[in-house]
>>> print(open('target36.cif').read())   # mmCIF, C-alpha atoms and all ligand atoms
data_model
#
loop_
_atom_site.label_atom_id
_atom_site.label_comp_id
_atom_site.auth_asym_id
_atom_site.auth_seq_id
_atom_site.Cartn_x
_atom_site.Cartn_y
_atom_site.Cartn_z
CA MET A 1 115.04 111.04 89.40
CA GLN A 2 117.07 114.13 90.21
CA LYS A 3 120.80 113.52 90.69
CA THR A 4 122.67 115.66 93.19
CA SER A 5 125.48 115.18 95.69
CA ASP A 6 122.92 115.53 98.47
CA ILE A 7 119.18 115.16 98.83
CA ILE A 8 118.55 118.87 98.62
CA TRP A 9 114.81 118.60 98.05
CA GLN A 10 114.39 116.75 101.35
CA ASP A 11 116.20 119.40 103.43
CA THR A 12 114.48 122.26 101.61
CA GLN A 13 111.04 120.77 102.05
CA HIS A 14 111.61 120.06 105.75
CA GLN A 15 112.62 123.69 106.18
CA VAL A 16 109.37 124.86 104.56
CA LEU A 17 107.39 122.56 106.84
CA PHE A 18 109.14 123.92 109.95
CA GLU A 19 108.43 127.49 108.81
CA LEU A 20 104.73 126.77 108.23
CA ILE A 21 104.49 125.06 111.64
CA ASP A 22 106.09 128.12 113.21
CA GLN A 23 103.49 130.39 111.58
CA ILE A 24 100.71 128.59 113.48
CA LYS A 25 101.84 130.65 116.48
CA GLU A 26 101.02 133.95 114.79
CA VAL A 27 98.03 135.90 116.12
CA PRO A 28 95.51 136.01 114.59
CA LEU A 29 95.89 132.53 113.12
CA ASP A 30 95.48 132.56 109.35
CA PRO A 31 93.43 129.42 108.51
CA ASP A 32 95.24 129.29 105.15
CA ILE A 33 98.42 128.35 107.02
CA LEU A 34 96.83 125.09 108.15
CA VAL A 35 95.65 124.34 104.62
CA ARG A 36 99.07 125.15 103.17
CA LEU A 37 100.76 122.98 105.78
CA LYS A 38 98.48 120.05 104.96
CA LEU A 39 99.01 120.40 101.20
CA TYR A 40 102.75 120.85 101.50
CA ALA A 41 103.14 117.95 103.94
CA GLU A 42 101.19 115.75 101.54
CA HIS A 43 103.40 116.82 98.64
CA HIS A 44 106.50 116.03 100.71
CA PHE A 45 105.26 112.67 102.03
CA ILE A 46 104.24 111.51 98.55
CA LEU A 47 107.69 112.33 97.22
CA GLU A 48 109.44 110.37 100.01
CA GLU A 49 107.00 107.50 99.57
CA THR A 50 107.61 107.43 95.82
CA TYR A 51 111.35 107.09 96.46
CA MET A 52 110.73 104.30 98.99
CA VAL A 53 108.55 102.35 96.55
CA GLU A 54 110.83 102.87 93.54
CA LEU A 55 113.99 101.92 95.46
CA GLY A 56 112.39 98.98 97.29
CA TYR A 57 113.20 100.54 100.66
CA PRO A 58 112.96 97.82 103.35
CA ASP A 59 111.48 100.08 106.09
CA LYS A 60 108.84 101.51 103.77
CA ASP A 61 105.76 100.33 105.69
CA GLU A 62 106.94 101.69 109.04
CA HIS A 63 107.81 105.03 107.45
CA ILE A 64 104.48 105.35 105.62
CA GLU A 65 102.63 104.53 108.85
CA ALA A 66 104.46 107.40 110.56
CA HIS A 67 103.40 109.73 107.74
CA ASP A 68 99.84 108.49 108.10
CA ARG A 69 99.81 109.42 111.79
CA PHE A 70 100.94 112.93 110.89
CA ARG A 71 98.27 113.08 108.16
CA GLU A 72 95.65 112.20 110.79
CA GLU A 73 96.93 114.93 113.13
CA LEU A 74 96.77 117.48 110.33
CA ALA A 75 93.27 116.40 109.31
CA ALA A 76 92.08 116.76 112.93
CA MET A 77 93.81 120.13 113.13
CA LEU A 78 91.85 121.40 110.13
CA GLU A 79 88.62 120.62 112.00
CA THR A 80 89.77 122.90 114.82
CA ASP A 81 88.26 126.34 115.26
CA PRO A 82 90.79 128.87 113.88
CA THR A 83 89.90 131.18 116.77
CA MET A 84 91.32 128.59 119.18
CA GLY A 85 93.48 131.16 120.94
CA LYS A 86 97.17 131.65 121.49
CA PHE A 87 97.62 128.90 124.07
CA LEU A 88 96.21 126.19 121.79
CA GLN A 89 98.03 127.59 118.75
CA ASP A 90 101.33 127.36 120.63
CA SER A 91 100.59 123.83 121.87
CA LEU A 92 99.66 122.65 118.40
CA SER A 93 102.69 124.25 116.83
CA ASP A 94 105.04 122.82 119.47
CA PHE A 95 103.55 119.35 119.09
CA LEU A 96 103.93 119.34 115.30
CA TYR A 97 107.41 120.85 115.53
CA LYS A 98 108.62 118.16 117.93
CA TRP A 99 107.05 115.39 115.88
CA LEU A 100 108.66 116.65 112.68
CA LYS A 101 112.04 117.15 114.30
CA LEU A 102 112.10 113.58 115.64
CA HIS A 103 110.91 112.25 112.28
CA VAL A 104 113.51 114.20 110.31
CA LEU A 105 116.38 113.20 112.60
CA GLY A 106 115.20 109.60 112.85
CA ILE A 107 113.52 107.68 110.06
CA ASP A 108 113.93 110.39 107.42
CA LYS A 109 117.67 110.34 108.02
CA LYS A 110 117.69 106.55 107.58
CA LEU A 111 115.84 106.99 104.30
CA GLU A 112 118.28 109.68 103.18
CA ASP A 113 121.26 107.40 103.89
CA PHE A 114 119.59 104.63 101.90
CA VAL A 115 118.84 106.93 98.94
CA MET A 116 122.41 108.29 99.00
CA LYS A 117 123.78 104.75 98.72
CA SER A 118 121.54 103.97 95.78
CA ASP A 119 121.99 105.34 92.27
CA SER A 120 118.82 107.42 92.26
CA LYS A 121 118.90 110.63 94.19
FE FE B 1 109.31 110.93 106.19
FE FE B 2 110.53 114.08 105.44
#
>>> encode(input="target36.cif", output="structure tokens")
Amino acid sequence: MQKTSDIIWQDTQHQVLFELIDQIKEVPLDPDILVRLKLYAEHHFILEETYMVELGYPDKDEHIEAHDRFREELAAMLETDPTMGKFLQDSLSDFLYKWLKLHVLGIDKKLEDFVMKSDSK
């Protein structure tokens, strides 16, 4: 695993996710944004989950369940009509933004602290 003084990949990937979520507000909505968000979120979750499994992280199950709820939201979102309109785009974007912010500041931070204390970063 990559060794750094900080978990740079985690911060960088969260930033990309926030940017993609922000782009949902753009009119007209580009359906590719939703697909890119889903693929990138999956890439990010898998990486965090790999760390949790490899390091024997004690709160792994709770964290993976939280990711699964986000996965379900994204899957439902991809079923949505891309011509949903500005109001729904904004609501969706705000919902995902708030969820991600809470997740990043909460259980992702706990994971980061755990990874930082271990040898593998
Ligand atoms: Fe996470
Ligand atoms: Fe994360």
>>> atom_distance(input="target36.cif", atom1="CA of Leu100 in chain A", atom2="CA of Gly56 in chain A")
23.7 Å
>>> residues_near_ligand(input="target36.cif", ligand="ligand FE 2 (chain B)", cutoff="12 Å", atoms="all atoms listed in the file", output="tab-separated table (two decimals) with C-alpha atoms, in the frame of the given file")
chain	number	residue	atom	x	y	z
A	7	ILE	CA	119.18	115.16	98.83
A	8	ILE	CA	118.55	118.87	98.62
A	9	TRP	CA	114.81	118.60	98.05
A	10	GLN	CA	114.39	116.75	101.35
A	11	ASP	CA	116.20	119.40	103.43
A	12	THR	CA	114.48	122.26	101.61
A	13	GLN	CA	111.04	120.77	102.05
A	14	HIS	CA	111.61	120.06	105.75
A	15	GLN	CA	112.62	123.69	106.18
A	16	VAL	CA	109.37	124.86	104.56
A	17	LEU	CA	107.39	122.56	106.84
A	18	PHE	CA	109.14	123.92	109.95
A	40	TYR	CA	102.75	120.85	101.50
A	41	ALA	CA	103.14	117.95	103.94
A	42	GLU	CA	101.19	115.75	101.54
A	43	HIS	CA	103.40	116.82	98.64
A	44	HIS	CA	106.50	116.03	100.71
A	45	PHE	CA	105.26	112.67	102.03
A	46	ILE	CA	104.24	111.51	98.55
A	47	LEU	CA	107.69	112.33	97.22
A	48	GLU	CA	109.44	110.37	100.01
A	49	GLU	CA	107.00	107.50	99.57
A	51	TYR	CA	111.35	107.09	96.46
A	52	MET	CA	110.73	104.30	98.99
A	63	HIS	CA	107.81	105.03	107.45
A	64	ILE	CA	104.48	105.35	105.62
A	66	ALA	CA	104.46	107.40	110.56
A	67	HIS	CA	103.40	109.73	107.74
A	70	PHE	CA	100.94	112.93	110.89
A	99	TRP	CA	107.05	115.39	115.88
A	100	LEU	CA	108.66	116.65	112.68
A	101	LYS	CA	112.04	117.15	114.30
A	102	LEU	CA	112.10	113.58	115.64
A	103	HIS	CA	110.91	112.25	112.28
A	104	VAL	CA	113.51	114.20	110.31
A	105	LEU	CA	116.38	113.20	112.60
A	106	GLY	CA	115.20	109.60	112.85
A	107	ILE	CA	113.52	107.68	110.06
A	108	ASP	CA	113.93	110.39	107.42
A	109	LYS	CA	117.67	110.34	108.02
A	110	LYS	CA	117.69	106.55	107.58
A	111	LEU	CA	115.84	106.99	104.30
A	112	GLU	CA	118.28	109.68	103.18
>>> residues_around(input="target36.cif", residues="range 79-87 of chain A", least_positions_apart="5", cutoff="7 Å", atoms="only C-alpha atoms", output="PyMOL selection string")
chain A and resi 25+27+29+31
>>> closest_residue(input="target36.cif", among="A:Glu73, A:Asp22, A:Asp94, A:Glu62", to="ligand FE 1 (chain B)", atoms="all atoms listed in the file")
A:Glu62
>>> atom_distance(input="target36.cif", atom1="CA of Ala76 in chain A", atom2="CA of Asp61 in chain A")
22.6 Å
>>> axis_aligned_box(input="target36.cif", around="range 45-51 of chain A", padding_each_side="3 Å", output="AutoDock Vina command-line options")
--center_x 107.8 --center_y 109.9 --center_z 98.9 --size_x 13.1 --size_y 11.6 --size_z 12.2
>>> closest_residue(input="target36.cif", among="A:Glu65, A:Glu54, A:Glu72, A:Glu26", to="ligand FE 1 (chain B)", atoms="all atoms listed in the file")
A:Glu65
>>> atom_distance(input="target36.cif", atom1="CA of Tyr97 in chain A", atom2="CA of Asp59 in chain A")
23.2 Å
>>> closest_residue(input="target36.cif", among="A:Lys98, A:Ser118, A:Asp68, A:Leu92", to="ligand FE 1 (chain B)", atoms="all atoms listed in the file")
A:Asp68
>>> closest_residue(input="target36.cif", among="A:Arg69, A:Leu96, A:Met77, A:Tyr57", to="Asp113 in chain A", atoms="all atoms listed in the file")
A:Tyr57
>>> residues_around(input="target36.cif", residues="Leu20 in chain A", least_positions_apart="4", cutoff="8 Å", atoms="only C-alpha atoms", output="MDAnalysis selection string")
chainID A and resid 16 24 33 36:37
